[in-house]
Amino acid sequence: MPALTLTVFGCSGTHIGPTRSCSSYLVQYEDYRLLLDCGNGSLANLQRRIDIDDIDAVLLSHMHADHFADLFSLYYARRLRPDGPLPLDVYGPAGAQAFIAQLLPDDDIFPTVCHFHVAAAGDTLQLGPLSIQLFASNHPIETLASRIEVDGKVLAYSGDSAPTPAMVDCARDADLFVCDATWLERHRPHPDGVHMTGAEAGAHAAEAGCTVLLLSHIFPSNDPAEVAAEAAGSFDGTVMVAEDLQDHVL
Ligand SMILES: [Zn+2]
Ligand SMILES: [Zn+2]
């Protein structure tokens, strides 16, 4: 039986930690492989599991470095192959290509290797067998949350987000909800419109009726067990903490 699988290649919030790379997740169904975000350090984990040539597409949630920095490495790996460049489809918010290209020479062949497609909240993408609905996260810059459906299974990914009703819609009845849980309640006040606490992630999962909540993007100095305890206080379903190279079969 083909199964929808999520593999964590990076789950550290904001900056890389001693055992966690920055945000990146592989979504796999049959032979199709979608990379959700490509944060710093994550490409090392990716190569422990799959061949770089086997990535079919990348979906970038937003243009913060902890979600796209390793796209530079991925680009060079796909460009400098003995058999010649292997193009890669990259989906992301408007302006993503120009933003990344600022760090490359003007005549760089980056756009001929990474084929960018503009994605926006409200869009539904069909990538291979995956149907992907995009929602607006609540974050200081345009950020896309994704609801991925295939074969009756639902996987939701918040990207970076503060509380928002849109995230409840995104994660409605999800089998697995990967949610930003950067912060702890006891460290309040936090800036508005940036991230969630563990308790807030749990409250969203409860309202959405999710089965499993996977807490991610936890700030490196926060204790994941404490974040999980917060989430369990507001969500009766299964609460898990993301770890690099962890697999989740839906
Ligand atoms: Zn982030
Ligand atoms: Zn961010």
# chains A, B, ... in the order shown; residues from 1 in each chain; ligands from 1
$ residues_around --residues "range 189-199 of chain A" --least-positions-apart "5" --cutoff "10 Å" --atoms "only C-alpha atoms" --output "MDAnalysis selection string"
chainID A and resid 13 137:141 159:164 179:184 204:205 215:218 224:235
$ select_by_dssp --residues "range 7-220 of chain A" --states "strand (DSSP E or B)" --output "ChimeraX atom specification"
/A:7-10,12,22,24-29,32-36,57-59,88-92,114-118,124-127,130-136,138,144-150,153-157,162,176-180,183,197,212-216,218
$ residues_around --residues "range 80-88 of chain A" --least-positions-apart "3" --cutoff "12 Å" --atoms "only C-alpha atoms" --output "PyMOL selection string"
chain A and resi 33-35+52-59+71+73-77+91+109-117
$ write_last_selection --atoms "C-alpha atoms" --output "mmCIF file, in the first residue's frame"
data_model
loop_
_atom_site.group_PDB
_atom_site.id
_atom_site.type_symbol
_atom_site.label_atom_id
_atom_site.label_comp_id
_atom_site.auth_asym_id
_atom_site.auth_seq_id
_atom_site.Cartn_x
_atom_site.Cartn_y
_atom_site.Cartn_z
ATOM 1 C CA ARG A 33 8.846 13.685 -3.310
ATOM 2 C CA LEU A 34 7.998 17.221 -2.272
ATOM 3 C CA LEU A 35 10.281 19.242 -0.017
ATOM 4 C CA ILE A 52 19.144 15.070 -4.215
ATOM 5 C CA ASP A 53 18.201 14.124 -7.796
ATOM 6 C CA ASP A 54 14.994 12.517 -6.496
ATOM 7 C CA ILE A 55 13.361 15.734 -5.258
ATOM 8 C CA ASP A 56 10.439 16.546 -7.561
ATOM 9 C CA ALA A 57 9.552 19.995 -6.215
ATOM 10 C CA VAL A 58 10.143 22.426 -3.373
ATOM 11 C CA LEU A 59 7.446 24.509 -1.693
ATOM 12 C CA LEU A 71 18.126 26.225 -1.319
ATOM 13 C CA SER A 73 23.184 24.324 -1.690
ATOM 14 C CA LEU A 74 20.337 22.440 -3.330
ATOM 15 C CA TYR A 75 20.656 24.680 -6.390
ATOM 16 C CA TYR A 76 24.403 24.023 -6.730
ATOM 17 C CA ALA A 77 23.873 20.292 -6.234
ATOM 18 C CA TYR A 91 6.922 27.132 -5.500
ATOM 19 C CA ILE A 109 21.982 30.591 -14.406
ATOM 20 C CA PHE A 110 19.970 30.102 -11.177
ATOM 21 C CA PRO A 111 16.600 30.746 -12.909
ATOM 22 C CA THR A 112 17.332 28.103 -15.547
ATOM 23 C CA VAL A 113 17.943 25.445 -12.864
ATOM 24 C CA CYS A 114 15.373 26.518 -10.263
ATOM 25 C CA HIS A 115 12.089 27.162 -12.062
ATOM 26 C CA PHE A 116 10.074 29.406 -9.774
ATOM 27 C CA HIS A 117 6.270 29.408 -9.629
#
$ residues_around --residues "Ile50 in chain A" --least-positions-apart "6" --cutoff "12 Å" --atoms "only C-alpha atoms" --output "JSON, numbers by chain"
{"A": [7, 9, 26, 27, 28, 31, 32, 33, 34, 35, 43, 44, 56, 245]}
$ select_by_dssp --residues "range 90-198 of chain A" --states "alpha helix (DSSP H)" --output "ChimeraX atom specification"
/A:96-101,110-113,165-170,198
$ residues_around --residues "Leu214 in chain A" --least-positions-apart "4" --cutoff "8 Å" --atoms "only C-alpha atoms" --output "PyMOL selection string"
chain A and resi 176-179+239-242
$ residues_around --residues "Leu4 in chain A" --least-positions-apart "3" --cutoff "8 Å" --atoms "only C-alpha atoms" --output "VMD selection string"
chain A and resid 27 to 30 150 153 249 to 250
$ write_last_selection --atoms "N, CA and C atoms" --output "PDB file, in the first residue's frame"
ATOM      1  N   VAL A  27       7.776  15.322   2.009  1.00  0.00           N
ATOM      2  CA  VAL A  27       6.456  14.698   1.888  1.00  0.00           C
ATOM      3  C   VAL A  27       6.539  13.732   0.713  1.00  0.00           C
ATOM      4  N   GLN A  28       6.266  12.488   0.994  1.00  0.00           N
ATOM      5  CA  GLN A  28       6.461  11.456  -0.004  1.00  0.00           C
ATOM      6  C   GLN A  28       5.194  10.633  -0.185  1.00  0.00           C
ATOM      7  N   TYR A  29       4.813  10.410  -1.437  1.00  0.00           N
ATOM      8  CA  TYR A  29       3.698   9.509  -1.723  1.00  0.00           C
ATOM      9  C   TYR A  29       4.037   8.776  -3.016  1.00  0.00           C
ATOM     10  N   GLU A  30       4.042   7.460  -2.944  1.00  0.00           N
ATOM     11  CA  GLU A  30       4.516   6.643  -4.056  1.00  0.00           C
ATOM     12  C   GLU A  30       5.910   7.147  -4.450  1.00  0.00           C
ATOM     13  N   VAL A 150      -4.071  13.504  -0.089  1.00  0.00           N
ATOM     14  CA  VAL A 150      -3.944  12.433  -1.074  1.00  0.00           C
ATOM     15  C   VAL A 150      -4.508  11.157  -0.456  1.00  0.00           C
ATOM     16  N   LYS A 153      -5.996  11.026   3.034  1.00  0.00           N
ATOM     17  CA  LYS A 153      -5.188  11.485   4.169  1.00  0.00           C
ATOM     18  C   LYS A 153      -4.939  12.987   4.072  1.00  0.00           C
ATOM     19  N   VAL A 249       4.262   8.087   9.175  1.00  0.00           N
ATOM     20  CA  VAL A 249       3.457   7.472   8.122  1.00  0.00           C
ATOM     21  C   VAL A 249       1.993   7.735   8.440  1.00  0.00           C
ATOM     22  N   LEU A 250       1.297   8.345   7.486  1.00  0.00           N
ATOM     23  CA  LEU A 250      -0.099   8.709   7.749  1.00  0.00           C
ATOM     24  C   LEU A 250      -1.034   7.563   7.365  1.00  0.00           C
TER      25      LEU A 250
END
$ closest_residue --among "A:His248, A:Arg172, A:His64, A:His187" --to "ligand 1" --atoms "only C-alpha atoms and all ligand atoms"
A:His64
$ atom_distance --atom1 "CA of Thr5 in chain A" --atom2 "CA of Asp223 in chain A"
26.4 Å
